[in-house]
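What's in my_file-v3.cif: mmCIF, C-alpha atoms
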data_data
loop_
_atom_site.group_PDB
_atom_site.id
_atom_site.type_symbol
_atom_site.label_atom_id
_atom_site.label_comp_id
_atom_site.auth_asym_id
_atom_site.auth_seq_id
_atom_site.Cartn_x
_atom_site.Cartn_y
_atom_site.Cartn_z
ATOM 1 C CA MET A 26 -0.432 43.979 46.219
ATOM 2 C CA GLU A 27 2.328 42.076 47.987
ATOM 3 C CA LEU A 28 1.964 39.041 50.272
ATOM 4 C CA TYR A 29 4.811 37.701 52.415
ATOM 5 C CA ASP A 30 5.327 34.736 54.710
ATOM 6 C CA GLY A 31 5.931 36.144 58.211
ATOM 7 C CA PRO A 32 6.587 39.754 59.295
ATOM 8 C CA LEU A 33 6.992 42.581 56.801
ATOM 9 C CA ASP A 34 10.228 44.440 56.119
ATOM 10 C CA THR A 35 8.444 47.785 56.387
ATOM 11 C CA LYS A 36 11.467 49.989 55.633
ATOM 12 C CA GLU A 37 12.303 48.069 52.481
ATOM 13 C CA ILE A 38 8.698 48.175 51.275
ATOM 14 C CA PHE A 39 8.104 51.868 51.991
ATOM 15 C CA GLY A 40 11.512 52.826 50.578
ATOM 16 C CA ARG A 41 10.895 50.870 47.394
ATOM 17 C CA TRP A 42 7.398 52.346 46.944
ATOM 18 C CA LEU A 43 8.857 55.821 47.441
ATOM 19 C CA ASP A 44 11.583 55.144 44.863
ATOM 20 C CA GLU A 45 9.062 53.755 42.362
ATOM 21 C CA GLN A 46 6.980 56.931 42.520
ATOM 22 C CA ALA A 47 9.894 59.370 42.813
ATOM 23 C CA GLU A 48 9.263 60.884 39.375
ATOM 24 C CA SER A 49 5.448 60.540 39.348
ATOM 25 C CA ASN A 50 4.807 64.104 40.532
ATOM 26 C CA TYR A 51 2.644 63.084 43.486
ATOM 27 C CA GLY A 52 2.551 65.770 46.145
ATOM 28 C CA ALA A 53 1.455 63.477 48.980
ATOM 29 C CA TYR A 54 2.570 60.010 50.156
ATOM 30 C CA ILE A 55 0.778 58.650 53.217
ATOM 31 C CA PRO A 56 2.007 55.325 54.614
ATOM 32 C CA PHE A 57 0.138 53.250 57.199
ATOM 33 C CA VAL A 58 1.822 50.572 59.336
ATOM 34 C CA GLY A 59 -0.034 47.968 61.378
ATOM 35 C CA THR A 60 2.124 46.609 64.206
ATOM 36 C CA ILE A 61 1.333 43.610 66.423
ATOM 37 C CA ARG A 62 0.858 44.816 69.997
ATOM 38 C CA ALA A 63 1.788 42.716 73.016
ATOM 39 C CA GLU A 64 -1.521 42.089 74.801
ATOM 40 C CA ASP A 65 -3.422 39.179 76.330
ATOM 41 C CA ASP A 66 -0.195 37.151 76.576
ATOM 42 C CA ILE A 67 -0.005 36.492 72.861
ATOM 43 C CA GLU A 68 3.292 35.505 71.250
ATOM 44 C CA ALA A 69 2.214 36.425 67.764
ATOM 45 C CA LEU A 70 -0.767 36.888 65.508
ATOM 46 C CA SER A 71 -1.258 34.539 62.585
ATOM 47 C CA PHE A 72 -3.096 35.125 59.312
ATOM 48 C CA ASP A 73 -4.858 33.134 56.613
ATOM 49 C CA ILE A 74 -5.562 34.909 53.322
ATOM 50 C CA TYR A 75 -7.816 34.000 50.424
ATOM 51 C CA GLU A 76 -5.811 35.611 47.657
ATOM 52 C CA PRO A 77 -8.231 35.456 44.660
ATOM 53 C CA VAL A 78 -10.930 37.485 46.443
ATOM 54 C CA LEU A 79 -8.355 39.754 48.103
ATOM 55 C CA GLN A 80 -6.886 40.567 44.685
ATOM 56 C CA LYS A 81 -10.337 41.492 43.322
ATOM 57 C CA TRP A 82 -11.040 43.651 46.370
ATOM 58 C CA PHE A 83 -7.697 45.417 45.894
ATOM 59 C CA ASP A 84 -8.245 45.834 42.132
ATOM 60 C CA GLY A 85 -11.502 47.631 42.959
ATOM 61 C CA TRP A 86 -9.636 50.047 45.219
ATOM 62 C CA GLN A 87 -6.942 50.649 42.616
ATOM 63 C CA ALA A 88 -9.656 51.640 40.147
ATOM 64 C CA LYS A 89 -11.316 53.905 42.727
ATOM 65 C CA ALA A 90 -7.951 55.561 43.501
ATOM 66 C CA ALA A 91 -7.098 55.938 39.810
ATOM 67 C CA ALA A 92 -10.361 57.827 39.258
ATOM 68 C CA LEU A 93 -9.063 60.352 41.825
ATOM 69 C CA GLY A 94 -5.624 60.502 40.221
ATOM 70 C CA ALA A 95 -4.184 58.519 43.148
ATOM 71 C CA VAL A 96 -2.449 55.175 43.715
ATOM 72 C CA VAL A 97 -3.063 52.719 46.581
ATOM 73 C CA LYS A 98 -0.526 50.125 47.720
ATOM 74 C CA MET A 99 -0.632 47.325 50.247
ATOM 75 C CA ALA A 100 1.388 44.450 51.644
ATOM 76 C CA HIS A 101 0.267 41.811 54.142
ATOM 77 C CA SER A 102 1.704 38.858 56.000
ATOM 78 C CA ILE A 103 0.641 35.213 55.794
ATOM 79 C CA GLY A 104 1.253 32.931 58.792
ATOM 80 C CA ASP A 105 2.786 33.931 62.116
ATOM 81 C CA VAL A 106 3.847 37.518 62.874
ATOM 82 C CA PRO A 107 5.524 38.062 66.287
ATOM 83 C CA VAL A 108 4.587 40.937 68.596
ATOM 84 C CA HIS A 109 6.268 44.264 67.817
ATOM 85 C CA THR A 110 6.639 43.416 64.145
ATOM 86 C CA SER A 111 4.340 44.413 61.287
ATOM 87 C CA SER A 112 1.729 42.391 59.423
ATOM 88 C CA TYR A 113 0.150 45.087 57.277
ATOM 89 C CA VAL A 114 1.312 48.175 55.469
ATOM 90 C CA SER A 115 -0.536 50.307 52.989
ATOM 91 C CA ALA A 116 -0.034 53.674 51.372
ATOM 92 C CA VAL A 117 -1.663 56.238 49.162
ATOM 93 C CA PHE A 118 0.083 58.507 46.668
ATOM 94 C CA SER A 119 -1.876 61.421 45.279
ATOM 95 C CA PRO A 120 -1.280 64.792 43.657
ATOM 96 C CA ARG A 121 -2.642 66.614 46.730
ATOM 97 C CA ARG A 122 -2.845 65.777 50.432
ATOM 98 C CA ARG A 123 -6.619 65.987 50.934
ATOM 99 C CA VAL A 124 -7.355 63.146 48.512
ATOM 100 C CA ALA A 125 -4.618 61.011 50.105
ATOM 101 C CA LEU A 126 -5.796 61.659 53.678
ATOM 102 C CA GLU A 127 -9.385 60.742 52.870
ATOM 103 C CA LEU A 128 -8.448 57.746 50.751
ATOM 104 C CA ILE A 129 -6.115 56.172 53.325
ATOM 105 C CA ASP A 130 -8.924 56.405 55.904
ATOM 106 C CA GLU A 131 -11.529 54.771 53.645
ATOM 107 C CA PHE A 132 -9.084 52.210 52.285
ATOM 108 C CA VAL A 133 -7.831 51.006 55.691
ATOM 109 C CA GLU A 134 -11.353 50.877 57.172
ATOM 110 C CA ASP A 135 -12.747 48.908 54.220
ATOM 111 C CA PHE A 136 -9.701 46.656 54.407
ATOM 112 C CA LYS A 137 -10.606 45.790 58.006
ATOM 113 C CA ALA A 138 -14.217 45.062 57.038
ATOM 114 C CA ASN A 139 -13.973 43.329 53.679
ATOM 115 C CA ALA A 140 -10.492 41.991 52.890
ATOM 116 C CA PRO A 141 -10.675 38.168 53.116
ATOM 117 C CA ILE A 142 -8.060 37.732 55.831
ATOM 118 C CA TRP A 143 -8.521 35.722 59.031
ATOM 119 C CA LYS A 144 -6.647 36.506 62.228
ATOM 120 C CA TYR A 145 -5.616 34.121 64.988
ATOM 121 C CA ASP A 146 -3.973 34.764 68.352
ATOM 122 C CA VAL A 147 -0.941 32.557 68.946
ATOM 123 C CA ARG A 148 -0.599 31.391 72.566
ATOM 124 C CA ASP A 149 1.589 28.471 73.654
ATOM 125 C CA GLY A 150 2.130 27.748 69.976
ATOM 126 C CA LYS A 151 -1.617 27.295 69.316
ATOM 127 C CA ARG A 152 -3.699 29.335 66.858
ATOM 128 C CA ILE A 153 -6.998 30.652 68.251
ATOM 129 C CA TYR A 154 -9.393 32.389 65.815
ATOM 130 C CA ALA A 155 -9.938 36.033 66.845
ATOM 131 C CA ALA A 156 -13.720 35.681 66.532
ATOM 132 C CA ASP A 157 -14.609 38.607 68.795
ATOM 133 C CA ARG A 158 -12.447 41.059 66.781
ATOM 134 C CA SER A 159 -13.642 39.876 63.376
ATOM 135 C CA THR A 160 -16.264 41.519 61.172
ATOM 136 C CA ALA A 161 -18.820 39.765 58.977
ATOM 137 C CA MET A 162 -18.227 40.771 55.344
ATOM 138 C CA ASN A 163 -20.764 42.637 53.208
ATOM 139 C CA GLY A 164 -23.521 40.211 52.267
ATOM 140 C CA ALA A 165 -22.936 37.866 55.217
ATOM 141 C CA GLY A 166 -25.804 35.541 56.133
ATOM 142 C CA LEU A 167 -26.892 34.871 52.538
ATOM 143 C CA LEU A 168 -27.058 31.115 53.083
ATOM 144 C CA ALA A 169 -28.539 31.213 56.608
ATOM 145 C CA MET B 25 -21.839 18.903 40.457
ATOM 146 C CA ILE B 26 -20.519 21.976 42.269
ATOM 147 C CA LYS B 27 -17.891 22.318 44.965
ATOM 148 C CA VAL B 28 -18.320 24.199 48.251
ATOM 149 C CA GLU B 29 -15.168 25.252 50.107
ATOM 150 C CA PHE B 30 -14.949 26.609 53.655
ATOM 151 C CA LEU B 31 -12.302 29.276 54.211
ATOM 152 C CA GLY B 32 -10.226 30.396 57.178
ATOM 153 C CA PRO B 33 -11.210 29.172 60.640
ATOM 154 C CA ILE B 34 -14.240 27.055 59.651
ATOM 155 C CA GLY B 35 -11.870 24.108 59.287
ATOM 156 C CA LYS B 36 -14.143 21.899 57.221
ATOM 157 C CA ALA B 37 -13.191 19.832 54.175
ATOM 158 C CA PRO B 38 -14.736 20.866 50.822
ATOM 159 C CA LEU B 39 -18.062 19.316 49.809
ATOM 160 C CA GLU B 40 -19.344 18.359 46.381
ATOM 161 C CA MET B 41 -23.072 18.510 45.711
ATOM 162 C CA GLU B 42 -25.776 18.830 43.083
ATOM 163 C CA ALA B 43 -27.286 22.328 43.203
ATOM 164 C CA GLU B 44 -29.082 24.483 40.646
ATOM 165 C CA THR B 45 -29.010 27.721 42.646
ATOM 166 C CA LEU B 46 -27.405 29.127 45.776
ATOM 167 C CA ALA B 47 -30.731 28.495 47.520
ATOM 168 C CA ASP B 48 -30.137 24.767 46.984
ATOM 169 C CA VAL B 49 -26.664 25.129 48.509
ATOM 170 C CA SER B 50 -28.187 26.945 51.478
ATOM 171 C CA ALA B 51 -30.746 24.176 52.033
ATOM 172 C CA LYS B 52 -28.059 21.486 51.975
ATOM 173 C CA LEU B 53 -25.628 23.342 54.241
ATOM 174 C CA LYS B 54 -28.376 24.031 56.786
ATOM 175 C CA GLU B 55 -28.702 20.255 57.258
ATOM 176 C CA ASP B 56 -25.107 20.176 58.559
ATOM 177 C CA SER B 57 -25.061 20.885 62.297
ATOM 178 C CA THR B 58 -21.327 21.730 62.245
ATOM 179 C CA LEU B 59 -22.197 24.824 60.154
ATOM 180 C CA THR B 60 -25.080 26.148 62.262
ATOM 181 C CA ALA B 61 -22.895 28.627 64.114
ATOM 182 C CA TRP B 62 -21.264 29.889 60.919
ATOM 183 C CA LEU B 63 -23.843 30.409 58.163
ATOM 184 C CA ASP B 64 -25.461 33.597 59.476
ATOM 185 C CA LYS B 65 -22.025 35.280 59.722
ATOM 186 C CA CYS B 66 -20.526 34.088 56.448
ATOM 187 C CA ALA B 67 -20.366 35.836 53.084
ATOM 188 C CA VAL B 68 -20.320 33.896 49.813
ATOM 189 C CA ALA B 69 -18.206 33.972 46.658
ATOM 190 C CA LEU B 70 -18.981 32.180 43.401
ATOM 191 C CA ASN B 71 -15.841 31.396 41.389
ATOM 192 C CA ASP B 72 -14.027 34.064 43.471
ATOM 193 C CA THR B 73 -16.586 36.851 42.904
ATOM 194 C CA MET B 74 -18.681 37.944 45.894
ATOM 195 C CA VAL B 75 -22.411 37.222 45.453
ATOM 196 C CA ASN B 76 -25.538 38.497 47.227
ATOM 197 C CA ASP B 77 -28.450 36.728 45.528
ATOM 198 C CA LEU B 78 -29.811 33.317 46.540
ATOM 199 C CA SER B 79 -31.393 32.860 43.110
ATOM 200 C CA THR B 80 -27.943 32.900 41.455
ATOM 201 C CA VAL B 81 -27.910 29.992 38.992
ATOM 202 C CA LEU B 82 -25.055 27.485 39.252
ATOM 203 C CA LYS B 83 -23.479 25.359 36.549
ATOM 204 C CA ASP B 84 -21.449 22.187 36.584
ATOM 205 C CA GLY B 85 -17.951 22.805 37.963
ATOM 206 C CA ASP B 86 -18.798 26.006 39.840
ATOM 207 C CA ARG B 87 -16.955 26.708 43.072
ATOM 208 C CA VAL B 88 -18.781 28.309 46.008
ATOM 209 C CA SER B 89 -16.592 29.742 48.800
ATOM 210 C CA ILE B 90 -17.880 30.370 52.314
ATOM 211 C CA LEU B 91 -16.075 33.342 53.937
ATOM 212 C CA PRO B 92 -16.330 33.751 57.732
ATOM 213 C CA PRO B 93 -15.859 37.099 59.549
ATOM 214 C CA VAL B 94 -12.553 38.771 58.694
ATOM 215 C CA CYS B 95 -9.905 40.752 60.549
ATOM 216 C CA GLY B 96 -6.903 41.755 58.489
ATOM 217 C CA GLY B 97 -4.113 44.022 59.621
#
Is it possible to express this structure as structure tokens?
Amino acid sequence: MELYDGPLDTKEIFGRWLDEQAESNYGAYIPFVGTIRAEDDIEALSFDIYEPVLQKWFDGWQAKAAALGAVVKMAHSIGDVPVHTSSYVSAVFSPRRRVALELIDEFVEDFKANAPIWKYDVRDGKRIYAADRSTAMNGAGLLA
Amino acid sequence: MIKVEFLGPIGKAPLEMEAETLADVSAKLKEDSTLTAWLDKCAVALNDTMVNDLSTVLKDGDRVSILPPVCGG
């Protein structure tokens, strides 16, 4: 798992991951890129991350992928990420395509629901929590 | 004494309190009107492991994290 201040250098990250696995005999490599869209007059999105829980969440997915003979990767931004740049990339390597296609779907969807990352719109230099696009994590409401 | 920290957009300084279980933490946090809008949407971690049981026993020095709704990517 890789965390960066500001936008991701997607080509460097994907190229490096590809090089690292060049001799691993994986038949499928499926990258996913999340790009900040220009909408609602935002200048950027901004992110807070709670790394200890994110690392445990990711470790769980690495173990799940390993049980299928696959590898999952991810990188995410911290702080401001301007429109038309990327804040999130992930990828799956696996011996065969079907495992990789299913795993990238499950991995990205669970990432959206349970990775401890908070998103803010940036307008006029101010951060506004994206409450209406956020999802309560598994187990939410325990203390209510 | 345990510590309660509020992550992401909650924007509240950490609290220290006496609590034997997560139920005690719940009772104390419910007294705080600034948290009323958050508690029903927030998940909870104990020493960075997600927890789902109010009867979870706490010990001196434990750290409880309050995690509001997320949106990575």
| field | Selection result of the PyMOL selection byres ((chain B) within 12 of (chain A)) on this file, as a PyMOL selection string | value | chain B and resi 29-35+45-56+59-80+88-97
Would you compute, for all listed atoms of range 31-43 of chain B, the axis-aligned bounding box grown by 8 Å on each side, and then report its centre and edge lengths in Å rounded to one decimal, as AutoDock Vina command-line options?
--center_x -18.8 --center_y 24.4 --center_z 51.9 --size_x 33.1 --size_y 28.0 --size_z 33.6
| field | Expected selection from the PyMOL selection byres ((chain A and resi 40-52) around 9), given as a ChimeraX atom specification | value | /A:35-39,53-54,95,98,116,118-122
| field | Chain and number of each residue from the PyMOL selection byres ((chain B and resi 25) around 10), as a ChimeraX atom specification | value | /B:26-27,40-44,82-87
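Across the structure, CA of Ala88 in chain A and CA of Tyr29 in chain A are spaced 23.5 Å apart.
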| Could you work out how far CA of Pro32 in chain A lies from CA of Asp105 in chain A, giving the answer in Å with one decimal? |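 Atom-to-atom, CA of Asp105 in chain A and CA of Pro32 in chain A are spaced 7.5 Å apart.
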Do a neighbour search on Lys89 in chain A at 12 Å with all atoms listed in the file, toss out local chain neighbours closer than 4 positions, and write the hits as a CSV table (one decimal) with C-alpha atoms, keeping the file's coordinate frame.
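Printed below is selection-v9.csv as written:
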chain,number,residue,atom,x,y,z
A,82,TRP,CA,-11.0,43.7,46.4
A,83,PHE,CA,-7.7,45.4,45.9
A,84,ASP,CA,-8.2,45.8,42.1
A,85,GLY,CA,-11.5,47.6,43.0
A,93,LEU,CA,-9.1,60.4,41.8
A,94,GLY,CA,-5.6,60.5,40.2
A,95,ALA,CA,-4.2,58.5,43.1
A,96,VAL,CA,-2.4,55.2,43.7
A,97,VAL,CA,-3.1,52.7,46.6
A,117,VAL,CA,-1.7,56.2,49.2
A,124,VAL,CA,-7.4,63.1,48.5
A,128,LEU,CA,-8.4,57.7,50.8
A,131,GLU,CA,-11.5,54.8,53.6
A,132,PHE,CA,-9.1,52.2,52.3
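Pairwise distance (CA of His109 in chain A, CA of Gly31 in chain A) equals 12.6 Å.
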